[in-house]
>>> print(open('protein-v5.cif').read())   # mmCIF, C-alpha atoms
data_coords
loop_
_atom_site.group_PDB
_atom_site.id
_atom_site.type_symbol
_atom_site.label_atom_id
_atom_site.label_comp_id
_atom_site.auth_asym_id
_atom_site.auth_seq_id
_atom_site.Cartn_x
_atom_site.Cartn_y
_atom_site.Cartn_z
ATOM 1 C CA MET Y 85 3.948 7.757 3.655
ATOM 2 C CA PRO Y 86 2.961 8.211 -0.015
ATOM 3 C CA GLU Y 87 5.162 10.088 -2.434
ATOM 4 C CA PHE Y 88 4.180 13.754 -2.458
ATOM 5 C CA PRO Y 89 4.790 16.059 -5.410
ATOM 6 C CA THR Y 90 7.930 18.143 -5.056
ATOM 7 C CA LEU Y 91 7.206 21.834 -5.440
ATOM 8 C CA SER Y 92 9.823 23.925 -7.169
ATOM 9 C CA PRO Y 93 11.506 26.455 -4.863
ATOM 10 C CA GLU Y 94 9.862 29.254 -6.861
ATOM 11 C CA ARG Y 95 6.391 27.762 -6.537
ATOM 12 C CA ARG Y 96 6.870 27.101 -2.819
ATOM 13 C CA LEU Y 97 8.008 30.642 -2.131
ATOM 14 C CA ALA Y 98 5.118 32.030 -4.169
ATOM 15 C CA LEU Y 99 2.598 30.019 -2.138
ATOM 16 C CA LEU Y 100 4.279 31.051 1.108
ATOM 17 C CA GLU Y 101 4.116 34.761 0.306
ATOM 18 C CA PRO Y 102 1.928 36.394 2.981
ATOM 19 C CA PRO Y 103 -1.583 36.814 1.565
ATOM 20 C CA GLN Y 104 -2.725 40.175 0.282
ATOM 21 C CA GLY Y 105 -6.367 40.959 -0.289
ATOM 22 C CA PRO Y 106 -9.307 38.533 -0.297
ATOM 23 C CA VAL Y 107 -8.570 34.861 0.376
ATOM 24 C CA SER Y 108 -10.657 31.705 0.499
ATOM 25 C CA VAL Y 109 -10.356 29.754 3.745
ATOM 26 C CA VAL Y 110 -11.605 26.635 5.471
ATOM 27 C CA LEU Y 111 -11.368 26.184 9.239
ATOM 28 C CA ASP Y 112 -10.462 22.896 10.903
ATOM 29 C CA THR Y 113 -11.364 23.290 14.554
ATOM 30 C CA ASP Y 114 -11.774 21.335 17.802
ATOM 31 C CA THR Y 115 -14.387 23.923 18.681
ATOM 32 C CA TYR Y 116 -15.530 22.492 22.009
ATOM 33 C CA ASN Y 117 -12.043 21.799 23.363
ATOM 34 C CA GLU Y 118 -12.048 25.063 25.334
ATOM 35 C CA ILE Y 119 -13.168 28.588 24.291
ATOM 36 C CA ASP Y 120 -10.621 30.002 21.854
ATOM 37 C CA ASP Y 121 -11.908 28.200 18.757
ATOM 38 C CA GLN Y 122 -15.280 29.911 19.168
ATOM 39 C CA PHE Y 123 -13.580 33.291 19.061
ATOM 40 C CA ALA Y 124 -11.587 32.251 15.975
ATOM 41 C CA LEU Y 125 -14.666 31.043 14.093
ATOM 42 C CA VAL Y 126 -16.582 34.222 14.898
ATOM 43 C CA TYR Y 127 -13.573 36.332 13.896
ATOM 44 C CA ALA Y 128 -13.211 34.546 10.543
ATOM 45 C CA LEU Y 129 -16.898 35.076 9.755
ATOM 46 C CA LEU Y 130 -16.590 38.789 10.582
ATOM 47 C CA VAL Y 131 -13.613 39.529 8.314
ATOM 48 C CA ASP Y 132 -14.898 40.821 5.000
ATOM 49 C CA THR Y 133 -11.721 39.861 3.109
ATOM 50 C CA LEU Y 134 -12.129 36.196 4.047
ATOM 51 C CA SER Y 135 -14.455 33.845 2.211
ATOM 52 C CA VAL Y 136 -15.162 31.016 4.665
ATOM 53 C CA GLU Y 137 -15.869 28.029 2.420
ATOM 54 C CA ALA Y 138 -16.181 25.261 5.055
ATOM 55 C CA VAL Y 139 -15.760 24.514 8.751
ATOM 56 C CA TYR Y 140 -14.520 21.062 9.813
ATOM 57 C CA ALA Y 141 -14.885 19.512 13.262
ATOM 58 C CA ALA Y 142 -11.593 18.117 14.554
ATOM 59 C CA PRO Y 143 -11.254 15.319 17.131
ATOM 60 C CA PHE Y 144 -9.998 16.003 20.634
ATOM 61 C CA HIS Y 145 -9.824 14.219 23.972
ATOM 62 C CA ASN Y 146 -9.587 15.951 27.332
ATOM 63 C CA GLN Y 147 -11.850 16.509 30.326
ATOM 64 C CA ARG Y 148 -14.504 17.975 27.991
ATOM 65 C CA SER Y 149 -14.918 14.754 25.983
ATOM 66 C CA THR Y 150 -14.935 10.997 26.489
ATOM 67 C CA GLY Y 151 -12.664 10.380 23.494
ATOM 68 C CA PRO Y 152 -11.716 11.700 20.042
ATOM 69 C CA ALA Y 153 -15.034 10.764 18.437
ATOM 70 C CA ASP Y 154 -17.045 12.411 21.202
ATOM 71 C CA GLY Y 155 -14.783 15.470 21.045
ATOM 72 C CA MET Y 156 -15.312 15.749 17.296
ATOM 73 C CA GLU Y 157 -19.092 15.468 17.661
ATOM 74 C CA ARG Y 158 -19.183 18.046 20.454
ATOM 75 C CA SER Y 159 -17.086 20.333 18.267
ATOM 76 C CA TYR Y 160 -19.464 19.831 15.354
ATOM 77 C CA GLN Y 161 -22.436 20.775 17.524
ATOM 78 C CA GLU Y 162 -20.548 23.833 18.788
ATOM 79 C CA ILE Y 163 -19.869 24.892 15.195
ATOM 80 C CA LEU Y 164 -23.602 24.690 14.501
ATOM 81 C CA ARG Y 165 -24.300 26.760 17.634
ATOM 82 C CA ILE Y 166 -21.892 29.507 16.583
ATOM 83 C CA LEU Y 167 -23.273 29.567 13.044
ATOM 84 C CA ASP Y 168 -26.778 29.907 14.475
ATOM 85 C CA PHE Y 169 -25.705 32.846 16.649
ATOM 86 C CA MET Y 170 -24.143 34.432 13.556
ATOM 87 C CA GLN Y 171 -27.290 33.706 11.492
ATOM 88 C CA HIS Y 172 -25.068 31.895 9.010
ATOM 89 C CA PRO Y 173 -26.481 28.821 7.190
ATOM 90 C CA ALA Y 174 -24.720 25.579 8.144
ATOM 91 C CA ASP Y 175 -25.789 23.487 5.142
ATOM 92 C CA GLY Y 176 -22.816 22.808 2.899
ATOM 93 C CA LEU Y 177 -20.528 24.644 5.329
ATOM 94 C CA ALA Y 178 -20.152 22.472 8.466
ATOM 95 C CA PHE Y 179 -18.685 18.958 8.219
ATOM 96 C CA ARG Y 180 -17.936 16.244 10.740
ATOM 97 C CA GLY Y 181 -14.308 15.177 10.918
ATOM 98 C CA ALA Y 182 -12.339 12.111 11.969
ATOM 99 C CA GLU Y 183 -13.525 9.966 14.867
ATOM 100 C CA ARG Y 184 -9.994 8.761 15.664
ATOM 101 C CA TYR Y 185 -6.406 9.843 15.216
ATOM 102 C CA LEU Y 186 -4.105 8.548 12.490
ATOM 103 C CA PRO Y 187 -2.924 5.006 13.307
ATOM 104 C CA THR Y 188 0.319 5.665 11.350
ATOM 105 C CA ASP Y 189 1.786 8.425 9.207
ATOM 106 C CA LYS Y 190 0.787 6.394 6.160
ATOM 107 C CA THR Y 191 -2.861 5.744 7.012
ATOM 108 C CA PRO Y 192 -5.543 8.420 6.558
ATOM 109 C CA VAL Y 193 -8.781 8.488 8.527
ATOM 110 C CA ALA Y 194 -11.665 9.045 6.126
ATOM 111 C CA SER Y 195 -14.301 11.585 7.117
ATOM 112 C CA PRO Y 196 -16.688 14.043 5.455
ATOM 113 C CA ALA Y 197 -14.253 16.823 6.416
ATOM 114 C CA ALA Y 198 -11.201 15.233 4.787
ATOM 115 C CA GLU Y 199 -13.168 14.324 1.679
ATOM 116 C CA ASP Y 200 -14.567 17.849 1.382
ATOM 117 C CA LEU Y 201 -11.101 19.360 1.775
ATOM 118 C CA VAL Y 202 -9.806 17.221 -1.083
ATOM 119 C CA ARG Y 203 -12.697 18.321 -3.314
ATOM 120 C CA ARG Y 204 -12.304 22.009 -2.481
ATOM 121 C CA ALA Y 205 -8.535 21.966 -2.866
ATOM 122 C CA ARG Y 206 -8.712 20.306 -6.267
ATOM 123 C CA ALA Y 207 -11.348 22.827 -7.377
ATOM 124 C CA ALA Y 208 -9.295 25.834 -6.241
ATOM 125 C CA GLY Y 209 -8.319 28.298 -8.940
ATOM 126 C CA PRO Y 210 -4.937 29.919 -9.403
ATOM 127 C CA GLU Y 211 -4.968 31.225 -5.830
ATOM 128 C CA PRO Y 212 -4.469 28.671 -3.019
ATOM 129 C CA LEU Y 213 -7.096 27.607 -0.522
ATOM 130 C CA TYR Y 214 -5.976 28.548 2.994
ATOM 131 C CA VAL Y 215 -6.585 25.869 5.611
ATOM 132 C CA LEU Y 216 -6.761 27.450 9.060
ATOM 133 C CA ALA Y 217 -6.123 24.546 11.428
ATOM 134 C CA LEU Y 218 -6.892 25.089 15.106
ATOM 135 C CA GLY Y 219 -6.647 21.622 16.622
ATOM 136 C CA ALA Y 220 -5.196 18.169 16.090
ATOM 137 C CA ILE Y 221 -4.190 18.105 12.432
ATOM 138 C CA THR Y 222 -5.881 14.735 11.761
ATOM 139 C CA ASN Y 223 -8.390 15.888 9.129
ATOM 140 C CA VAL Y 224 -5.802 17.864 7.162
ATOM 141 C CA ALA Y 225 -3.170 15.115 7.265
ATOM 142 C CA SER Y 226 -5.799 12.594 6.161
ATOM 143 C CA ALA Y 227 -6.705 14.748 3.157
ATOM 144 C CA LEU Y 228 -3.010 15.024 2.232
ATOM 145 C CA LEU Y 229 -2.551 11.252 2.470
ATOM 146 C CA MET Y 230 -5.723 10.642 0.466
ATOM 147 C CA ALA Y 231 -4.753 13.131 -2.252
ATOM 148 C CA PRO Y 232 -1.048 14.035 -2.284
ATOM 149 C CA ASP Y 233 -1.615 16.232 -5.355
ATOM 150 C CA ILE Y 234 -3.314 18.922 -3.246
ATOM 151 C CA VAL Y 235 0.027 20.060 -1.777
ATOM 152 C CA ASP Y 236 0.150 22.429 -4.754
ATOM 153 C CA LYS Y 237 -3.330 23.834 -4.051
ATOM 154 C CA VAL Y 238 -3.413 24.705 -0.359
ATOM 155 C CA VAL Y 239 -1.549 26.662 2.280
ATOM 156 C CA VAL Y 240 -1.971 25.311 5.800
ATOM 157 C CA VAL Y 241 -1.850 27.787 8.701
ATOM 158 C CA TRP Y 242 -1.570 25.659 11.848
ATOM 159 C CA LEU Y 243 -1.581 26.608 15.490
ATOM 160 C CA GLY Y 244 0.229 23.721 17.147
ATOM 161 C CA GLY Y 245 3.415 22.646 18.846
ATOM 162 C CA GLN Y 246 6.240 24.815 20.105
ATOM 163 C CA PRO Y 247 8.978 26.835 18.371
ATOM 164 C CA TRP Y 248 11.853 24.982 16.730
ATOM 165 C CA TYR Y 249 14.254 26.088 19.491
ATOM 166 C CA TRP Y 250 12.064 24.819 22.358
ATOM 167 C CA PRO Y 251 13.273 21.656 24.150
ATOM 168 C CA THR Y 252 10.006 19.882 23.369
ATOM 169 C CA ALA Y 253 7.397 20.138 20.636
ATOM 170 C CA ARG Y 254 4.763 18.936 23.082
ATOM 171 C CA GLU Y 255 1.516 20.940 23.109
ATOM 172 C CA PHE Y 256 -2.135 19.878 23.181
ATOM 173 C CA ASN Y 257 -2.910 20.104 19.463
ATOM 174 C CA LEU Y 258 0.328 18.428 18.345
ATOM 175 C CA GLN Y 259 0.505 15.692 20.975
ATOM 176 C CA GLN Y 260 -3.063 14.587 20.247
ATOM 177 C CA ASP Y 261 -1.959 13.161 16.891
ATOM 178 C CA VAL Y 262 1.810 13.014 16.475
ATOM 179 C CA ALA Y 263 1.581 10.927 13.295
ATOM 180 C CA ALA Y 264 -0.623 13.554 11.655
ATOM 181 C CA ALA Y 265 1.793 16.319 12.666
ATOM 182 C CA GLN Y 266 4.653 14.342 11.125
ATOM 183 C CA VAL Y 267 2.689 14.118 7.867
ATOM 184 C CA LEU Y 268 2.189 17.890 7.935
ATOM 185 C CA PHE Y 269 5.884 18.683 8.415
ATOM 186 C CA ASP Y 270 7.185 15.963 6.069
ATOM 187 C CA SER Y 271 4.727 16.177 3.150
ATOM 188 C CA GLY Y 272 6.072 19.426 1.757
ATOM 189 C CA VAL Y 273 2.688 21.137 1.877
ATOM 190 C CA PRO Y 274 3.130 24.928 2.098
ATOM 191 C CA LEU Y 275 2.865 25.608 5.811
ATOM 192 C CA VAL Y 276 2.647 28.601 8.107
ATOM 193 C CA HIS Y 277 3.414 27.278 11.582
ATOM 194 C CA VAL Y 278 2.166 29.295 14.557
ATOM 195 C CA PRO Y 279 3.820 27.951 17.732
ATOM 196 C CA CYS Y 280 2.337 28.452 21.161
ATOM 197 C CA LYS Y 281 5.272 29.369 23.427
ATOM 198 C CA ASN Y 282 6.422 32.959 22.995
ATOM 199 C CA VAL Y 283 4.031 33.474 20.076
ATOM 200 C CA ALA Y 284 0.320 32.642 20.269
ATOM 201 C CA GLU Y 285 0.434 32.664 24.070
ATOM 202 C CA HIS Y 286 0.640 36.476 23.927
ATOM 203 C CA LEU Y 287 -2.995 36.623 22.773
ATOM 204 C CA ARG Y 288 -4.405 37.030 26.285
ATOM 205 C CA SER Y 289 -7.493 38.843 27.445
ATOM 206 C CA THR Y 290 -9.320 39.432 30.718
ATOM 207 C CA LEU Y 291 -12.886 39.422 31.945
ATOM 208 C CA PRO Y 292 -13.030 43.242 32.277
ATOM 209 C CA GLU Y 293 -11.877 43.563 28.656
ATOM 210 C CA MET Y 294 -14.492 41.026 27.585
ATOM 211 C CA ALA Y 295 -17.177 42.910 29.541
ATOM 212 C CA THR Y 296 -16.244 46.164 27.808
ATOM 213 C CA TYR Y 297 -15.735 45.018 24.216
ATOM 214 C CA VAL Y 298 -17.532 41.671 23.753
ATOM 215 C CA LYS Y 299 -20.521 41.509 26.100
ATOM 216 C CA GLY Y 300 -23.574 43.133 24.569
ATOM 217 C CA ARG Y 301 -22.306 42.707 21.010
ATOM 218 C CA GLY Y 302 -25.298 40.656 19.896
ATOM 219 C CA ARG Y 303 -26.139 37.061 20.749
ATOM 220 C CA VAL Y 304 -22.719 35.828 19.723
ATOM 221 C CA GLY Y 305 -20.951 38.490 21.787
ATOM 222 C CA ASP Y 306 -22.947 37.556 24.863
ATOM 223 C CA TYR Y 307 -22.158 33.892 24.265
ATOM 224 C CA LEU Y 308 -18.424 34.551 23.932
ATOM 225 C CA TYR Y 309 -18.491 36.585 27.133
ATOM 226 C CA THR Y 310 -20.358 33.847 28.992
ATOM 227 C CA ILE Y 311 -17.996 31.036 28.015
ATOM 228 C CA PHE Y 312 -15.026 33.253 28.896
ATOM 229 C CA GLU Y 313 -16.510 34.026 32.319
ATOM 230 C CA ASP Y 314 -17.440 30.395 32.985
ATOM 231 C CA TYR Y 315 -14.053 29.019 31.922
ATOM 232 C CA HIS Y 316 -12.277 30.005 35.146
ATOM 233 C CA PRO Y 317 -13.712 30.194 38.677
ATOM 234 C CA ASP Y 318 -11.748 33.271 39.800
ATOM 235 C CA HIS Y 319 -10.859 36.122 37.436
ATOM 236 C CA PHE Y 320 -8.806 38.120 39.928
ATOM 237 C CA ALA Y 321 -5.427 38.844 38.288
ATOM 238 C CA TYR Y 322 -6.310 36.227 35.664
ATOM 239 C CA SER Y 323 -5.891 36.383 31.900
ATOM 240 C CA LYS Y 324 -6.974 33.739 29.396
ATOM 241 C CA VAL Y 325 -5.092 33.051 26.193
ATOM 242 C CA ILE Y 326 -7.253 32.991 23.054
ATOM 243 C CA TRP Y 327 -4.681 31.140 20.955
ATOM 244 C CA ASP Y 328 -6.641 30.296 17.848
ATOM 245 C CA ILE Y 329 -7.407 33.804 16.627
ATOM 246 C CA SER Y 330 -3.738 33.916 15.583
ATOM 247 C CA THR Y 331 -4.477 31.908 12.441
ATOM 248 C CA VAL Y 332 -7.322 34.198 11.395
ATOM 249 C CA ALA Y 333 -5.193 37.246 12.152
ATOM 250 C CA TYR Y 334 -2.429 35.964 9.853
ATOM 251 C CA VAL Y 335 -4.680 35.833 6.787
ATOM 252 C CA THR Y 336 -6.377 39.100 7.766
ATOM 253 C CA ASN Y 337 -3.155 41.099 8.158
ATOM 254 C CA PRO Y 338 0.123 39.123 8.072
ATOM 255 C CA GLU Y 339 1.966 42.046 9.668
ATOM 256 C CA TRP Y 340 0.207 41.218 12.936
ATOM 257 C CA ILE Y 341 1.755 37.716 12.965
ATOM 258 C CA PRO Y 342 5.378 38.231 11.869
ATOM 259 C CA THR Y 343 6.937 35.162 10.274
ATOM 260 C CA GLU Y 344 10.256 33.991 8.873
ATOM 261 C CA LEU Y 345 11.236 31.321 6.387
ATOM 262 C CA ARG Y 346 12.909 28.300 7.999
ATOM 263 C CA PRO Y 347 13.631 24.676 7.067
ATOM 264 C CA ALA Y 348 10.704 22.471 8.010
ATOM 265 C CA PRO Y 349 11.383 20.988 11.446
ATOM 266 C CA ILE Y 350 11.668 17.231 11.910
ATOM 267 C CA LEU Y 351 9.264 15.933 14.550
ATOM 268 C CA ARG Y 352 10.565 12.834 16.311
ATOM 269 C CA ASP Y 353 8.375 10.128 17.810
ATOM 270 C CA ASP Y 354 9.286 11.290 21.326
ATOM 271 C CA VAL Y 355 7.666 14.657 20.495
ATOM 272 C CA THR Y 356 10.917 16.607 20.325
ATOM 273 C CA TRP Y 357 12.500 18.415 17.396
ATOM 274 C CA ALA Y 358 15.466 16.827 15.656
ATOM 275 C CA PRO Y 359 18.455 19.060 14.835
ATOM 276 C CA GLU Y 360 17.674 21.463 12.026
ATOM 277 C CA ASP Y 361 18.334 20.135 8.519
ATOM 278 C CA PRO Y 362 19.091 23.011 6.101
ATOM 279 C CA GLN Y 363 18.288 20.731 3.146
ATOM 280 C CA ARG Y 364 14.622 20.450 4.146
ATOM 281 C CA HIS Y 365 11.900 22.351 2.294
ATOM 282 C CA VAL Y 366 11.097 25.733 3.814
ATOM 283 C CA ILE Y 367 8.024 26.759 5.783
ATOM 284 C CA ARG Y 368 6.993 30.001 7.440
ATOM 285 C CA GLN Y 369 7.156 30.044 11.218
ATOM 286 C CA ALA Y 370 5.659 32.828 13.311
ATOM 287 C CA TYR Y 371 7.960 34.368 15.889
ATOM 288 C CA ASP Y 372 5.806 37.153 17.368
ATOM 289 C CA VAL Y 373 2.254 38.485 17.682
ATOM 290 C CA ARG Y 374 0.932 42.049 17.638
ATOM 291 C CA ARG Y 375 -1.501 41.334 20.445
ATOM 292 C CA ASP Y 376 -3.217 44.717 20.652
ATOM 293 C CA ALA Y 377 -3.742 44.994 16.894
ATOM 294 C CA VAL Y 378 -5.342 41.540 16.725
ATOM 295 C CA PHE Y 379 -7.768 42.038 19.603
ATOM 296 C CA GLY Y 380 -8.500 45.588 18.468
ATOM 297 C CA ASP Y 381 -9.532 44.310 15.057
ATOM 298 C CA LEU Y 382 -11.752 41.601 16.537
ATOM 299 C CA PHE Y 383 -13.432 44.019 18.967
ATOM 300 C CA ARG Y 384 -14.074 46.635 16.266
ATOM 301 C CA ARG Y 385 -15.632 44.047 13.963
ATOM 302 C CA LEU Y 386 -17.894 42.733 16.730
ATOM 303 C CA ALA Y 387 -19.006 46.281 17.520
ATOM 304 C CA ALA Y 388 -19.664 47.093 13.882
ATOM 305 C CA ARG Y 389 -21.748 43.967 13.379
ATOM 306 C CA SER Y 390 -23.898 44.668 16.446
ATOM 307 C CA GLY Y 391 -24.227 48.377 15.716
ATOM 308 C CA ALA Y 392 -22.578 49.261 19.019
#
>>> encode(input="protein-v5.cif", output="structure tokens")
Amino acid sequence: MPEFPTLSPERRLALLEPPQGPVSVVLDTDTYNEIDDQFALVYALLVDTLSVEAVYAAPFHNQRSTGPADGMERSYQEILRILDFMQHPADGLAFRGAERYLPTDKTPVASPAAEDLVRRARAAGPEPLYVLALGAITNVASALLMAPDIVDKVVVVWLGGQPWYWPTAREFNLQQDVAAAQVLFDSGVPLVHVPCKNVAEHLRSTLPEMATYVKGRGRVGDYLYTIFEDYHPDHFAYSKVIWDISTVAYVTNPEWIPTELRPAPILRDDVTWAPEDPQRHVIRQAYDVRRDAVFGDLFRRLAARSGA
């Protein structure tokens, strides 16, 4: 791993202060992986205090793709679809990401997304660029390895892994690219970590709620409802977690995603957390979610946009 700049404790704490007011963001998203990324992208575009500067397609591999490259391309096409529904130009906004995961924690994977992130981070003014990461952290880790100097210019808000006290760190986003996750935790980049267990997993909704507050809210609302309905064959007593809106909610109103300062966890190769080291640099880790406030904000913004 390259040598990363060491931020002073004062600078680190300043960057990790919860954002107030307008912020510039980029989204790094495996948009076709399931259905939550679509909600997160729509939410980010609806929030008037967020300036969405770019959207990067992240690699993924599950039953919805034949491999990381195919997953990235499907995600890129899904980004374009959402932008079309939102009548938002894609030129200069949507970028393809990595076609493979990091081979080691020292080796970046070049892509238009990683290269664009480096450019935007270096061009950021006195306020940091917030990187809302919703999938495997490959693109972001690659940018950090390519340009270690940007650790002083960005704040990464990542949904991935489990809380520090959980017996395993294993979770879809993290386990896709363990080397990239190790870069994220070890580089010293200012990080807001949103775990899944006991945190983001509270962001659940149901088909009746979607029918009431999402369906009929324009083309994009109908699309979100359809993919929610199609995701599961039987909606009786069923709720679906929409994990990824947690990252957007944090930069919209940090009170909805309560966090605490903790030493950065050490991710071992076996995808477990090492014992806590109090000498490590600090990060923010979310420990709760105000579920009703987050969904209420999303639903109100959808309604306002559609005139409902």
>>> resolve_selection(input="protein-v5.cif", expression="the PyMOL selection byres ((chain Y and resi 201-215) around 9)", output="mmCIF file with C-alpha atoms, in the coordinates of the input")
data_model
loop_
_atom_site.group_PDB
_atom_site.id
_atom_site.type_symbol
_atom_site.label_atom_id
_atom_site.label_comp_id
_atom_site.auth_asym_id
_atom_site.auth_seq_id
_atom_site.Cartn_x
_atom_site.Cartn_y
_atom_site.Cartn_z
ATOM 1 C CA LEU Y 99 2.598 30.019 -2.138
ATOM 2 C CA VAL Y 107 -8.570 34.861 0.376
ATOM 3 C CA SER Y 108 -10.657 31.705 0.499
ATOM 4 C CA VAL Y 109 -10.356 29.754 3.745
ATOM 5 C CA VAL Y 110 -11.605 26.635 5.471
ATOM 6 C CA LEU Y 111 -11.368 26.184 9.239
ATOM 7 C CA ASP Y 112 -10.462 22.896 10.903
ATOM 8 C CA GLU Y 137 -15.869 28.029 2.420
ATOM 9 C CA ALA Y 138 -16.181 25.261 5.055
ATOM 10 C CA TYR Y 140 -14.520 21.062 9.813
ATOM 11 C CA PRO Y 196 -16.688 14.043 5.455
ATOM 12 C CA ALA Y 197 -14.253 16.823 6.416
ATOM 13 C CA ALA Y 198 -11.201 15.233 4.787
ATOM 14 C CA GLU Y 199 -13.168 14.324 1.679
ATOM 15 C CA ASP Y 200 -14.567 17.849 1.382
ATOM 16 C CA LEU Y 216 -6.761 27.450 9.060
ATOM 17 C CA ALA Y 217 -6.123 24.546 11.428
ATOM 18 C CA ASN Y 223 -8.390 15.888 9.129
ATOM 19 C CA VAL Y 224 -5.802 17.864 7.162
ATOM 20 C CA ALA Y 227 -6.705 14.748 3.157
ATOM 21 C CA LEU Y 228 -3.010 15.024 2.232
ATOM 22 C CA MET Y 230 -5.723 10.642 0.466
ATOM 23 C CA ALA Y 231 -4.753 13.131 -2.252
ATOM 24 C CA ASP Y 233 -1.615 16.232 -5.355
ATOM 25 C CA ILE Y 234 -3.314 18.922 -3.246
ATOM 26 C CA VAL Y 235 0.027 20.060 -1.777
ATOM 27 C CA ASP Y 236 0.150 22.429 -4.754
ATOM 28 C CA LYS Y 237 -3.330 23.834 -4.051
ATOM 29 C CA VAL Y 238 -3.413 24.705 -0.359
ATOM 30 C CA VAL Y 239 -1.549 26.662 2.280
ATOM 31 C CA VAL Y 240 -1.971 25.311 5.800
ATOM 32 C CA VAL Y 241 -1.850 27.787 8.701
ATOM 33 C CA TRP Y 242 -1.570 25.659 11.848
ATOM 34 C CA VAL Y 335 -4.680 35.833 6.787
#
>>> closest_residue(input="protein-v5.cif", among="Y:Val273, Y:Met170, Y:Ala358, Y:Glu162", to="Trp250 in chain Y", atoms="all atoms listed in the file")
Y:Ala358
>>> atom_distance(input="protein-v5.cif", atom1="CA of Ala141 in chain Y", atom2="CA of Ile367 in chain Y")
25.2 Å
>>> atom_distance(input="protein-v5.cif", atom1="CA of Glu293 in chain Y", atom2="CA of Lys281 in chain Y")
22.9 Å
>>> atom_distance(input="protein-v5.cif", atom1="CA of Gly380 in chain Y", atom2="CA of Thr296 in chain Y")
12.1 Å
>>> resolve_selection(input="protein-v5.cif", expression="the PyMOL selection byres ((chain Y and resi 302-313) around 8)", output="count of residues only")
21
>>> residues_near_point(input="protein-v5.cif", point="(-7.1, 39.6, 29.9)", cutoff="6 Å", atoms="only C-alpha atoms", output="number ranges by chain")
Y: 288-290, 323-324
>>> write_last_selection(input="protein-v5.cif", atoms="C-alpha atoms", output="PDB file, in the coordinates of the input")
ATOM      1  CA  ARG Y 288      -4.405  37.030  26.285  1.00  0.00           C
ATOM      2  CA  SER Y 289      -7.493  38.843  27.445  1.00  0.00           C
ATOM      3  CA  THR Y 290      -9.320  39.432  30.718  1.00  0.00           C
ATOM      4  CA  SER Y 323      -5.891  36.383  31.900  1.00  0.00           C
ATOM      5  CA  LYS Y 324      -6.974  33.739  29.396  1.00  0.00           C
TER       6      LYS Y 324
END
>>> residues_near_point(input="protein-v5.cif", point="(10.2, 22.8, -1.7)", cutoff="10 Å", atoms="all atoms listed in the file", output="ChimeraX atom specification")
/Y:89-97,271-274,347-348,363-367
>>> closest_residue(input="protein-v5.cif", among="Y:Val283, Y:Ala370, Y:Ile326, Y:Ala263", to="Glu118 in chain Y", atoms="all atoms listed in the file")
Y:Ile326
>>> axis_aligned_box(input="protein-v5.cif", around="range 203-207 of chain Y", padding_each_side="5 Å", output="JSON")
{"center_x": -10.6, "center_y": 20.6, "center_z": -4.9, "size_x": 14.2, "size_y": 14.5, "size_z": 14.9}
>>> residues_around(input="protein-v5.cif", residues="Leu229 in chain Y", least_positions_apart="2", cutoff="8 Å", atoms="only C-alpha atoms", output="ChimeraX atom specification")
/Y:85-86,190-192,225-227,231-232
>>> decode(input="protein-v5.cif", residues="range 180-191 of chain Y", atoms="N, CA and C atoms", output="PDB file, in the first residue's frame")
ATOM      1  N   ARG Y 180     -18.543   4.772 -16.217  1.00  0.00           N
ATOM      2  CA  ARG Y 180     -18.292   3.356 -15.977  1.00  0.00           C
ATOM      3  C   ARG Y 180     -17.159   3.191 -14.967  1.00  0.00           C
ATOM      4  N   GLY Y 181     -17.282   2.139 -14.149  1.00  0.00           N
ATOM      5  CA  GLY Y 181     -16.274   1.862 -13.143  1.00  0.00           C
ATOM      6  C   GLY Y 181     -15.411   0.669 -13.484  1.00  0.00           C
ATOM      7  N   ALA Y 182     -14.825   0.072 -12.461  1.00  0.00           N
ATOM      8  CA  ALA Y 182     -13.880  -1.033 -12.634  1.00  0.00           C
ATOM      9  C   ALA Y 182     -14.581  -2.276 -13.182  1.00  0.00           C
ATOM     10  N   GLU Y 183     -13.850  -3.024 -13.986  1.00  0.00           N
ATOM     11  CA  GLU Y 183     -14.364  -4.285 -14.532  1.00  0.00           C
ATOM     12  C   GLU Y 183     -13.896  -5.485 -13.718  1.00  0.00           C
ATOM     13  N   ARG Y 184     -13.095  -5.255 -12.696  1.00  0.00           N
ATOM     14  CA  ARG Y 184     -12.631  -6.340 -11.826  1.00  0.00           C
ATOM     15  C   ARG Y 184     -12.329  -5.754 -10.457  1.00  0.00           C
ATOM     16  N   TYR Y 185     -12.180  -6.625  -9.488  1.00  0.00           N
ATOM     17  CA  TYR Y 185     -11.864  -6.188  -8.134  1.00  0.00           C
ATOM     18  C   TYR Y 185     -10.354  -5.983  -7.987  1.00  0.00           C
ATOM     19  N   LEU Y 186      -9.941  -5.332  -6.915  1.00  0.00           N
ATOM     20  CA  LEU Y 186      -8.524  -5.118  -6.684  1.00  0.00           C
ATOM     21  C   LEU Y 186      -7.794  -6.458  -6.541  1.00  0.00           C
ATOM     22  N   PRO Y 187      -6.699  -6.654  -7.270  1.00  0.00           N
ATOM     23  CA  PRO Y 187      -5.934  -7.897  -7.097  1.00  0.00           C
ATOM     24  C   PRO Y 187      -5.190  -7.934  -5.763  1.00  0.00           C
ATOM     25  N   THR Y 188      -4.774  -6.759  -5.258  1.00  0.00           N
ATOM     26  CA  THR Y 188      -4.128  -6.647  -3.942  1.00  0.00           C
ATOM     27  C   THR Y 188      -4.486  -5.277  -3.380  1.00  0.00           C
ATOM     28  N   ASP Y 189      -4.151  -5.062  -2.105  1.00  0.00           N
ATOM     29  CA  ASP Y 189      -4.421  -3.759  -1.505  1.00  0.00           C
ATOM     30  C   ASP Y 189      -3.413  -2.705  -1.915  1.00  0.00           C
ATOM     31  N   LYS Y 190      -2.548  -3.045  -2.848  1.00  0.00           N
ATOM     32  CA  LYS Y 190      -1.564  -2.088  -3.364  1.00  0.00           C
ATOM     33  C   LYS Y 190      -1.807  -1.739  -4.824  1.00  0.00           C
ATOM     34  N   THR Y 191      -2.758  -2.419  -5.466  1.00  0.00           N
ATOM     35  CA  THR Y 191      -2.900  -2.335  -6.915  1.00  0.00           C
ATOM     36  C   THR Y 191      -4.262  -1.781  -7.304  1.00  0.00           C
TER      37      THR Y 191
END
